[in-house]
Every structure is written in C-alpha cells, then in structure tokens.
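Asks: I'd like to ask some things about the structure below.
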Amino acid sequence: MSTALYIWLDPNVQWILFGSMLLGLSSGVIGSFAYLRKQSLMGDALSHAALPGVCIAFMLSGSKSIGLFLLGAAVAGVIATFGIGFITRNSRVKQDAALAIVLTVFFGIGIVLLTRIQHSGNGNQSGLDKFLFGQAASMMLSDVMIMAAISLVLVTVCSLLFKEFKLLSFDPGFARGIGYPVAFMDQLIMFLIVVAVVVGIQAVGVVLMSALLITPAVSARYWTEKLGMMVVLAGLFGALSGLIGTFISASGNNLPTGPLTVLVATAVFALSVAAAPRRGVISKLLLRASVRTQVRREQAEVSGERRNRAV
Amino acid sequence: MHKSPLSIHGLSVAYQKKPVLRDITFEVPEGNLIGIVGPNGAGKSTLIKAALGLIPRLHGEVTIYGKPYAKQRKLVGYVPQRESVDWDFPTNALDVVMMGRYGHLGWIKRPGSAEKKLAMECLAKVGMADYAGRQISQLSGGQQQRIFLARALAQDATLYVMDEPFVGVDAATEKAIITLLNELKTQGKTVLVVHHDLATVKEYFDWVMLLNVRLVAFGPTEPTFTAQKLQETYGGRLTMLDRESPSALIVNGRSSDVDGSIHLA
C-alpha cells in the first residue's frame, strides 16, 4: 500500500500516468471511427508498419525525436496503405490477405532494422527495443509534453470534424455525393490512426497498439446507441486502461506496459459484453427469460379459457 | 435558357478492363418520373453512380441543369441502395435524415434546431415521425428505405436519383414511396429511379429507359416500353405470357439468368 501511495506522489510517475491516459483517450476516440468504418485490422497493419518507419527515422537522424518518428511512421503507414490498395486492385488477392502480407512484411523489416540498430553500438539506442511492447517508465517529461500536444490536436480534429467523420463512417457513398473529399478524408483518418500509434509507441509498443485503438471502441459500442456518447466512452475506457496498465507497470515489478494496458482494456471489454444494458449478454438472457414466461402465461390463459368454454 | 435536369453525352464506364456502360447519351426531361430498367449487370446502378461522380468514368460528359455536377450538388438528392450501409450504426432515424442537410451546412458547423425541424417534417412526409428516436437497426427494411428517402427529401433538391428504392420493401411501403414520388413530380421535380420490377413500370413511370450496357431505348413509357424493345434489352431471356397484352412479361427462369450474368457482369 505504501509503495502504491509513493508511486502516486512521485511527480515523474504522475507525468507518465498522465501521458498514458492521454494516449488511451486519443486512441479510443480515433479508434471508434476506425472500428465503425470496419478498419479494425487497418489499425493493426498501420501500427506494425510504423516500426520500420520509426527505425529508419532513428537510423537517419541518430536521435529519438518524436517528431521524426511521426514522420517516419506516417511515411511507412502511407506506403503500407498504398501497398494494400495496390495488391487489392491489381491481383485477385482480397483485402484481408493483402493486409496480412503487408503487415508481416513491414513488421519483419522493422525487426531486422531494430536488431541492426541494437548491434550498431549507437549509444543513443537504449530504449528503442521497448518499442515492441512499450515501457511507459522510459518516457520523459518532454515526451509526455509532445504526447499531450499531439493528443490535443487529434481530439480537436475529431470533435471539429465529428459530423463529417460520422457521415463518412455511416455512408461514404452519400458523403461523396454531397461533395465531401472522401479520398482525402480516408487518408486523414488513416493519418490520425498513425498519429495515435506514434503517440503510443513508447508506452504501449507497436505490437499491441491496435488493441488500444479497437478494444475501447468495441466496449463503448455496447453501452450506447449514440455515436457521440460512444466516442466519449471509448476515450474514457482507453484513458482508464492506459492509467491502470501504467500504474501496475510502474509499481516496480518491471512488467512491460503494453500488455498490461491491453489486459485492462480487455477486462473492460469483458465487463461490457456481460453487463451492458440491452446489448450485453446478461440483459439479453434476462429479456429472453421474461419474454418466455410472458408467452407461457398467455398460452396458459388461452388454453385455460378454452377448457372453461369446453366445460 | 431552359436546361435539362440531367444530360449525359457519350458516357462510358469500365470496371478494370470490362466496359459496363458504352457510349450512353440522353437528356432527361424536367418534371417526370423516370424508370431505368435492364437485366442484372446492365449497368443501371453504375449509370447513376457515374452521373453523380461516385465512380470514375472513361469518357463522357455529365451536366446537371447545364453545369457540371460539382457545381450543382445542392440540386441533387441521392438515395443509395439500402444494403450499401451497415444499419447497426450507433445513430437514430432523425440523425440519418439530418445528414441530408450536411451538404448545405458546410464544414464543421453542427446541425441545429432549424435542421432538426426540417428533418422532422421529412420524417413525417414518409410516415416515420413516430420513429425519430429509434435506433436504425431496430427498423424494418421498409422503414429503413423510408429513412433514406426522408434524407433525400431533406436535401431539398430538384433532381432526385434513387437506386432500387423498391427492393425488399413491403407493399405498404412501396405504395407510400410511389405516392411520394408522384408528389415530387407535381412539385415540378424530376425523379430518376433504378427499377427491377417490369410489371409495375407502366403504372409507375412517365418515361422509361431500357439499358443493357448500351442505351437501348429512352422515351415516354407508352411507345417505349414495348415487347420488341424489351426483347432487345433482355436478349432471349424474356418470355411473353400473354400475346394480347405485351406488358405481361416475365423474366425467364434461373438458369438463363445465371447464364446472362456471366456475359454481363
């Protein structure tokens, strides 16, 4: 207990917790749109594709700057999405298979580059290996500041363009008909996903980042039938997962943050599946039971009446 | 000068290398209810999607009231196929209808009470006012179709383009839709409808377009919708039930249909 209290009071840890919360919040928000647009796997592909981009950015610059990482990840993400589009258009390969191919190729290249960097003896490389599974404790105050700024931009864009993103997610054909630049907005949402991935790369790592994009959104969908509420809830669930995951990780047991955060997010998901009103399993079972007894009672009444008439 | 609501000149569209529409040229007369019919894979949906710039075209020019579509978007209301969207989306009926106002609202600005009022009126016109707050997946197929129609009404257009609005709806909804289309017509609006049921063409439409990759015929229903022209459109796949009344036609059984779609798809 005393260690837990101590952790809360440590200003360093406070910053890290704050950063993880922001990360969860922004990935939950943009993840909602990715999920509704049926691009859950795209988030996975983009986060894996970010790894070689980040590695090349590091190799070229020799420094761990979030701005350059963002650039590298964005370029890699764009190449990955074009690659997926190219394969889907020009071969008989369907999109799911194209995603799998591109995702693994990029991740493979990323691992090769990462290994090279680690053997290169560059003194600055320490901590880069944490990009796979994340280590929130390795974040510095400056990192958190940048994360906060990026998250703020991401959430602002999503709230300003809420109406446009809603229509694009629900009915892209209609959106194009009334003159929305659908291709540009597609790329914008992809880019925002890449942004969320880069923000999360230190805290959660590329391997599990897609879980933080999608799981809070799926959980939130269980609780509401309103998109606005869903986005807010997804942000909250994400923030909560980031906070608790980082807290456990920072409690001194040296567990990587990413897996812990994902486990918390999954716990929220399990709770949502079970307990959510209307859509949840328990409420559906209760509803069915009540309908069954009602039908049975009505049938009993009908047959009772018939018997009375016969008598 | 008086301009046609929709005029298309030399339109060709291809998916990959396969042409689905070849050299289509026509001019839509104002204030009519127009049906577009043709076999599966004839390019009916493709035609309206290409006209509205939803898919790229190979050649051809499309003008709406004499200007390119990009400048005339607010004059066009579009009803896509109902199956084109996932109805398990977290939103309600009123919200979907309000989407019809997004084009007029412009960027970032959110719909307010004026949009809400208009959307409620449009819902009432399709007989769905009581369902405004209903989550859209809780609506029946016919009700979903009416919501799409109400959204197009909210666009407050003068040319309406509808992709198979009668598919999978019950008789009551079909009647409600056709009544509404006639009402639009009496207001002087032009309505283009992709249609699949040959039996109702004469009853519903003033003008008809027979389409099978090429434009077979386009004109007032009475002289255009003839047995001979239909044979031409559908190939040998039409059987006449009754020689006395040429409108009693039926599309041949499944095997020939599958056969045909191999040629055309």
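Each chain of the structure tokens is named A, B, ... in the order shown, its residues numbered from 1; ligands are numbered from 1 in display order.
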Can you write out as a Markdown table which residues of chain B fall within 9 Å of chain A, alongside each residue's closest atom pair and its distance in Å to one decimal, counting only C-alpha atoms and ordering rows by chain and ascending residue number?
Replies:
```
| residue | atom | partner | partner_atom | distance |
| --- | --- | --- | --- | --- |
| B:Gln16 | CA | A:Arg89 | CA | 8.8 |
| B:Lys49 | CA | A:Gly177 | CA | 8.8 |
| B:Leu52 | CA | A:Gly177 | CA | 6.4 |
| B:Gly53 | CA | A:Gly177 | CA | 7.2 |
| B:Leu54 | CA | A:Arg176 | CA | 6.4 |
| B:Ala70 | CA | A:Gly179 | CA | 7.2 |
| B:Arg73 | CA | A:Ile178 | CA | 5.9 |
| B:Lys74 | CA | A:Ile178 | CA | 7.4 |
| B:Val76 | CA | A:Ile178 | CA | 8.4 |
| B:Gly77 | CA | A:Ile178 | CA | 8.6 |
| B:Tyr78 | CA | A:Phe174 | CA | 7.1 |
| B:Val79 | CA | A:Phe174 | CA | 8.0 |
| B:Pro80 | CA | A:Phe174 | CA | 7.2 |
| B:Ser84 | CA | A:Asp171 | CA | 7.7 |
| B:Val85 | CA | A:Asp171 | CA | 5.8 |
| B:Asp86 | CA | A:Phe170 | CA | 7.1 |
| B:Trp87 | CA | A:Phe170 | CA | 8.3 |
| B:Phe89 | CA | A:Phe170 | CA | 6.8 |
| B:Pro90 | CA | A:Glu225 | CA | 4.4 |
| B:Thr91 | CA | A:Lys226 | CA | 5.1 |
| B:Asn92 | CA | A:Lys226 | CA | 7.6 |
| B:Val96 | CA | A:Leu167 | CA | 8.7 |
| B:Met99 | CA | A:Leu167 | CA | 7.0 |
| B:Gly100 | CA | A:Ile178 | CA | 8.7 |
| B:Tyr102 | CA | A:Ile178 | CA | 7.9 |
| B:Gly103 | CA | A:Ile178 | CA | 5.3 |
| B:His104 | CA | A:Ile178 | CA | 8.8 |
| B:Trp107 | CA | A:Glu164 | CA | 7.5 |
| B:Ile108 | CA | A:Leu160 | CA | 5.5 |
| B:Lys109 | CA | A:Lys163 | CA | 8.2 |
| B:Arg110 | CA | A:Lys163 | CA | 6.8 |
| B:Pro111 | CA | A:Lys163 | CA | 8.6 |
| B:Gln135 | CA | A:Glu225 | CA | 6.7 |
```
Asks: The selected residues should be written to file as a JSON list (two decimals), in the first residue's frame (atoms: N, CA and C atoms).
Replies:
```json
[["chain", "number", "residue", "atom", "x", "y", "z"],
["B", 16, "GLN", "N", -12.20, -2.25, -64.12],
["B", 16, "GLN", "CA", -10.98, -2.86, -64.65],
["B", 16, "GLN", "C", -10.98, -2.66, -66.16],
["B", 49, "LYS", "N", -24.39, 6.16, -60.59],
["B", 49, "LYS", "CA", -23.19, 6.47, -59.80],
["B", 49, "LYS", "C", -22.20, 7.27, -60.63],
["B", 52, "LEU", "N", -23.35, 10.84, -60.95],
["B", 52, "LEU", "CA", -23.14, 11.64, -59.74],
["B", 52, "LEU", "C", -21.67, 11.69, -59.33],
["B", 53, "GLY", "N", -20.80, 11.17, -60.19],
["B", 53, "GLY", "CA", -19.37, 11.26, -59.89],
["B", 53, "GLY", "C", -18.91, 10.37, -58.76],
["B", 54, "LEU", "N", -19.70, 9.34, -58.42],
["B", 54, "LEU", "CA", -19.31, 8.45, -57.32],
["B", 54, "LEU", "C", -18.27, 7.43, -57.79],
["B", 70, "ALA", "N", -20.32, 18.99, -59.99],
["B", 70, "ALA", "CA", -19.61, 19.56, -58.83],
["B", 70, "ALA", "C", -20.17, 20.92, -58.44],
["B", 73, "ARG", "N", -24.33, 20.31, -56.83],
["B", 73, "ARG", "CA", -24.61, 19.25, -55.85],
["B", 73, "ARG", "C", -25.89, 19.49, -55.06],
["B", 74, "LYS", "N", -26.14, 20.77, -54.72],
["B", 74, "LYS", "CA", -27.28, 21.05, -53.84],
["B", 74, "LYS", "C", -28.61, 20.85, -54.55],
["B", 76, "VAL", "N", -29.27, 18.14, -56.26],
["B", 76, "VAL", "CA", -29.46, 16.71, -56.46],
["B", 76, "VAL", "C", -29.63, 15.99, -55.13],
["B", 77, "GLY", "N", -30.70, 15.18, -55.05],
["B", 77, "GLY", "CA", -30.91, 14.32, -53.89],
["B", 77, "GLY", "C", -30.64, 12.88, -54.28],
["B", 78, "TYR", "N", -29.91, 12.15, -53.44],
["B", 78, "TYR", "CA", -29.47, 10.81, -53.83],
["B", 78, "TYR", "C", -29.93, 9.79, -52.79],
["B", 79, "VAL", "N", -30.57, 8.73, -53.27],
["B", 79, "VAL", "CA", -30.97, 7.62, -52.39],
["B", 79, "VAL", "C", -30.18, 6.38, -52.79],
["B", 80, "PRO", "N", -29.14, 6.02, -52.04],
["B", 80, "PRO", "CA", -28.36, 4.83, -52.40],
["B", 80, "PRO", "C", -29.14, 3.55, -52.09],
["B", 84, "SER", "N", -26.28, -0.74, -49.02],
["B", 84, "SER", "CA", -24.94, -0.18, -49.16],
["B", 84, "SER", "C", -24.36, 0.29, -47.83],
["B", 85, "VAL", "N", -25.17, 0.35, -46.78],
["B", 85, "VAL", "CA", -24.63, 0.77, -45.48],
["B", 85, "VAL", "C", -24.91, -0.29, -44.42],
["B", 86, "ASP", "N", -24.13, -0.21, -43.33],
["B", 86, "ASP", "CA", -24.34, -1.09, -42.18],
["B", 86, "ASP", "C", -25.32, -0.40, -41.24],
["B", 87, "TRP", "N", -26.51, -0.99, -41.10],
["B", 87, "TRP", "CA", -27.54, -0.33, -40.30],
["B", 87, "TRP", "C", -27.31, -0.46, -38.81],
["B", 89, "PHE", "N", -25.37, 0.95, -36.95],
["B", 89, "PHE", "CA", -24.51, 2.09, -36.69],
["B", 89, "PHE", "C", -25.12, 2.85, -35.51],
["B", 90, "PRO", "N", -24.28, 3.34, -34.59],
["B", 90, "PRO", "CA", -24.85, 4.00, -33.41],
["B", 90, "PRO", "C", -25.47, 5.36, -33.72],
["B", 91, "THR", "N", -26.68, 5.34, -34.24],
["B", 91, "THR", "CA", -27.38, 6.59, -34.51],
["B", 91, "THR", "C", -28.87, 6.29, -34.64],
["B", 92, "ASN", "N", -29.70, 7.36, -34.64],
["B", 92, "ASN", "CA", -31.14, 7.13, -34.75],
["B", 92, "ASN", "C", -31.68, 7.69, -36.06],
["B", 96, "VAL", "N", -30.04, 10.32, -39.12],
["B", 96, "VAL", "CA", -29.74, 9.96, -40.51],
["B", 96, "VAL", "C", -30.40, 10.95, -41.46],
["B", 99, "MET", "N", -28.59, 14.09, -41.93],
["B", 99, "MET", "CA", -27.42, 14.03, -42.80],
["B", 99, "MET", "C", -27.72, 14.64, -44.17],
["B", 100, "GLY", "N", -28.99, 14.65, -44.54],
["B", 100, "GLY", "CA", -29.38, 15.29, -45.80],
["B", 100, "GLY", "C", -29.07, 16.78, -45.82],
["B", 102, "TYR", "N", -26.29, 18.08, -44.39],
["B", 102, "TYR", "CA", -24.85, 18.31, -44.21],
["B", 102, "TYR", "C", -24.25, 19.08, -45.38],
["B", 103, "GLY", "N", -24.71, 18.75, -46.60],
["B", 103, "GLY", "CA", -24.17, 19.41, -47.77],
["B", 103, "GLY", "C", -24.44, 20.91, -47.75],
["B", 104, "HIS", "N", -25.59, 21.29, -47.20],
["B", 104, "HIS", "CA", -25.95, 22.71, -47.14],
["B", 104, "HIS", "C", -25.26, 23.39, -45.97],
["B", 107, "TRP", "N", -18.72, 22.80, -43.75],
["B", 107, "TRP", "CA", -17.83, 22.10, -42.84],
["B", 107, "TRP", "C", -17.96, 22.58, -41.40],
["B", 108, "ILE", "N", -17.67, 21.65, -40.50],
["B", 108, "ILE", "CA", -17.53, 21.89, -39.06],
["B", 108, "ILE", "C", -18.84, 22.26, -38.38],
["B", 109, "LYS", "N", -19.63, 23.15, -39.00],
["B", 109, "LYS", "CA", -20.89, 23.58, -38.39],
["B", 109, "LYS", "C", -21.81, 22.40, -38.09],
["B", 110, "ARG", "N", -22.35, 22.38, -36.88],
["B", 110, "ARG", "CA", -23.23, 21.27, -36.49],
["B", 110, "ARG", "C", -24.69, 21.58, -36.82],
["B", 111, "PRO", "N", -25.49, 20.54, -37.09],
["B", 111, "PRO", "CA", -26.92, 20.80, -37.32],
["B", 111, "PRO", "C", -27.59, 21.33, -36.06],
["B", 135, "GLN", "N", -33.35, 3.64, -32.82],
["B", 135, "GLN", "CA", -32.04, 3.23, -33.33],
["B", 135, "GLN", "C", -32.26, 2.56, -34.68]]
```
Asks: Apply DSSP to the backbone of this structure and, from region 8-156 of chain A, keep only the residues in alpha helix (DSSP H); write these as an MDAnalysis selection string.
Replies: chainID A and resid 8:9 11:36 40:61 66:90 95:119 141:156
Asks: Extract, using only C-alpha atoms, all DNA, RNA and protein residues at most 12 Å from region 143-147 of chain A, discarding same-chain residues fewer than 5 positions from it, and format them as a ChimeraX atom specification.
Replies: /A:12-27,64-67,69-70,136-138,152-154,195-203
Asks: Grab the CA of Tyr35 (chain A) to CA of Leu213 (chain A) distance for me, in Å with one decimal place.
Replies: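 Separating CA of Tyr35 (chain A) from CA of Leu213 (chain A) is a distance of 8.4 Å.
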Asks: How many Å lie between CA of Ala50 (chain A) and CA of Val206 (chain A), rounded to one decimal?
Replies: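 Those two atoms sit 7.2 Å apart.
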Asks: Could you list, as a PyMOL selection string, every residue within 12 Å of Ala124 (chain B), counting only C-alpha atoms and ignoring same-chain residues fewer than 5 positions away?
Replies: chain B and resi 93-94+97+117-119+129-132+146-147+149-151+153-154+176+180
Asks: Using N, CA and C atoms, can you write the selected residues to a file as a PDB file, in the first residue's frame?
Replies:
```
ATOM      1  N   ALA B  93     -32.958   7.440 -36.309  1.00  0.00           N
ATOM      2  CA  ALA B  93     -33.573   7.783 -37.592  1.00  0.00           C
ATOM      3  C   ALA B  93     -33.453   9.278 -37.892  1.00  0.00           C
ATOM      4  N   LEU B  94     -33.757  10.101 -36.899  1.00  0.00           N
ATOM      5  CA  LEU B  94     -33.728  11.552 -37.098  1.00  0.00           C
ATOM      6  C   LEU B  94     -32.330  12.012 -37.530  1.00  0.00           C
ATOM      7  N   VAL B  97     -31.640  11.330 -41.152  1.00  0.00           N
ATOM      8  CA  VAL B  97     -32.338  12.274 -42.027  1.00  0.00           C
ATOM      9  C   VAL B  97     -31.618  13.622 -42.021  1.00  0.00           C
ATOM     10  N   LYS B 117     -35.915  20.582 -37.213  1.00  0.00           N
ATOM     11  CA  LYS B 117     -37.308  20.806 -37.570  1.00  0.00           C
ATOM     12  C   LYS B 117     -37.577  20.290 -38.983  1.00  0.00           C
ATOM     13  N   LEU B 118     -36.676  20.644 -39.902  1.00  0.00           N
ATOM     14  CA  LEU B 118     -36.835  20.216 -41.284  1.00  0.00           C
ATOM     15  C   LEU B 118     -36.787  18.693 -41.389  1.00  0.00           C
ATOM     16  N   ALA B 119     -35.870  18.075 -40.646  1.00  0.00           N
ATOM     17  CA  ALA B 119     -35.742  16.618 -40.683  1.00  0.00           C
ATOM     18  C   ALA B 119     -37.013  15.953 -40.157  1.00  0.00           C
ATOM     19  N   ALA B 129     -42.630   9.761 -38.539  1.00  0.00           N
ATOM     20  CA  ALA B 129     -42.419  10.740 -37.469  1.00  0.00           C
ATOM     21  C   ALA B 129     -42.325  10.076 -36.097  1.00  0.00           C
ATOM     22  N   ASP B 130     -43.070   8.980 -35.917  1.00  0.00           N
ATOM     23  CA  ASP B 130     -43.075   8.316 -34.615  1.00  0.00           C
ATOM     24  C   ASP B 130     -41.783   7.551 -34.335  1.00  0.00           C
ATOM     25  N   TYR B 131     -40.957   7.418 -35.366  1.00  0.00           N
ATOM     26  CA  TYR B 131     -39.757   6.590 -35.201  1.00  0.00           C
ATOM     27  C   TYR B 131     -38.479   7.426 -35.116  1.00  0.00           C
ATOM     28  N   ALA B 132     -38.636   8.747 -34.944  1.00  0.00           N
ATOM     29  CA  ALA B 132     -37.483   9.653 -34.998  1.00  0.00           C
ATOM     30  C   ALA B 132     -36.341   9.216 -34.082  1.00  0.00           C
ATOM     31  N   ARG B 146     -37.515   4.124 -46.107  1.00  0.00           N
ATOM     32  CA  ARG B 146     -38.209   5.403 -45.951  1.00  0.00           C
ATOM     33  C   ARG B 146     -37.292   6.447 -45.319  1.00  0.00           C
ATOM     34  N   ILE B 147     -36.435   5.987 -44.399  1.00  0.00           N
ATOM     35  CA  ILE B 147     -35.488   6.917 -43.767  1.00  0.00           C
ATOM     36  C   ILE B 147     -34.543   7.488 -44.828  1.00  0.00           C
ATOM     37  N   LEU B 149     -35.194   7.802 -47.932  1.00  0.00           N
ATOM     38  CA  LEU B 149     -35.989   8.698 -48.762  1.00  0.00           C
ATOM     39  C   LEU B 149     -36.153  10.057 -48.070  1.00  0.00           C
ATOM     40  N   ALA B 150     -36.421   9.994 -46.753  1.00  0.00           N
ATOM     41  CA  ALA B 150     -36.582  11.237 -45.986  1.00  0.00           C
ATOM     42  C   ALA B 150     -35.283  12.038 -46.002  1.00  0.00           C
ATOM     43  N   ARG B 151     -34.145  11.345 -45.964  1.00  0.00           N
ATOM     44  CA  ARG B 151     -32.860  12.039 -46.004  1.00  0.00           C
ATOM     45  C   ARG B 151     -32.701  12.779 -47.340  1.00  0.00           C
ATOM     46  N   LEU B 153     -35.189  13.831 -49.177  1.00  0.00           N
ATOM     47  CA  LEU B 153     -36.118  14.966 -49.145  1.00  0.00           C
ATOM     48  C   LEU B 153     -35.487  16.131 -48.399  1.00  0.00           C
ATOM     49  N   ALA B 154     -34.751  15.812 -47.334  1.00  0.00           N
ATOM     50  CA  ALA B 154     -34.104  16.861 -46.541  1.00  0.00           C
ATOM     51  C   ALA B 154     -33.059  17.616 -47.361  1.00  0.00           C
ATOM     52  N   ALA B 176     -46.432   3.854 -50.378  1.00  0.00           N
ATOM     53  CA  ALA B 176     -46.079   5.143 -49.773  1.00  0.00           C
ATOM     54  C   ALA B 176     -44.991   5.829 -50.594  1.00  0.00           C
ATOM     55  N   LEU B 180     -45.268   9.355 -52.767  1.00  0.00           N
ATOM     56  CA  LEU B 180     -44.336  10.453 -52.515  1.00  0.00           C
ATOM     57  C   LEU B 180     -43.643  10.903 -53.801  1.00  0.00           C
TER      58      LEU B 180
END
```
Asks: Write out as a PyMOL selection string each polymer residue whose atoms come within 6 Å of region 259-271 of chain A, counting only C-alpha atoms; drop sequence neighbours fewer than 4 positions from it.
Replies: chain A and resi 219+241-242+245+275
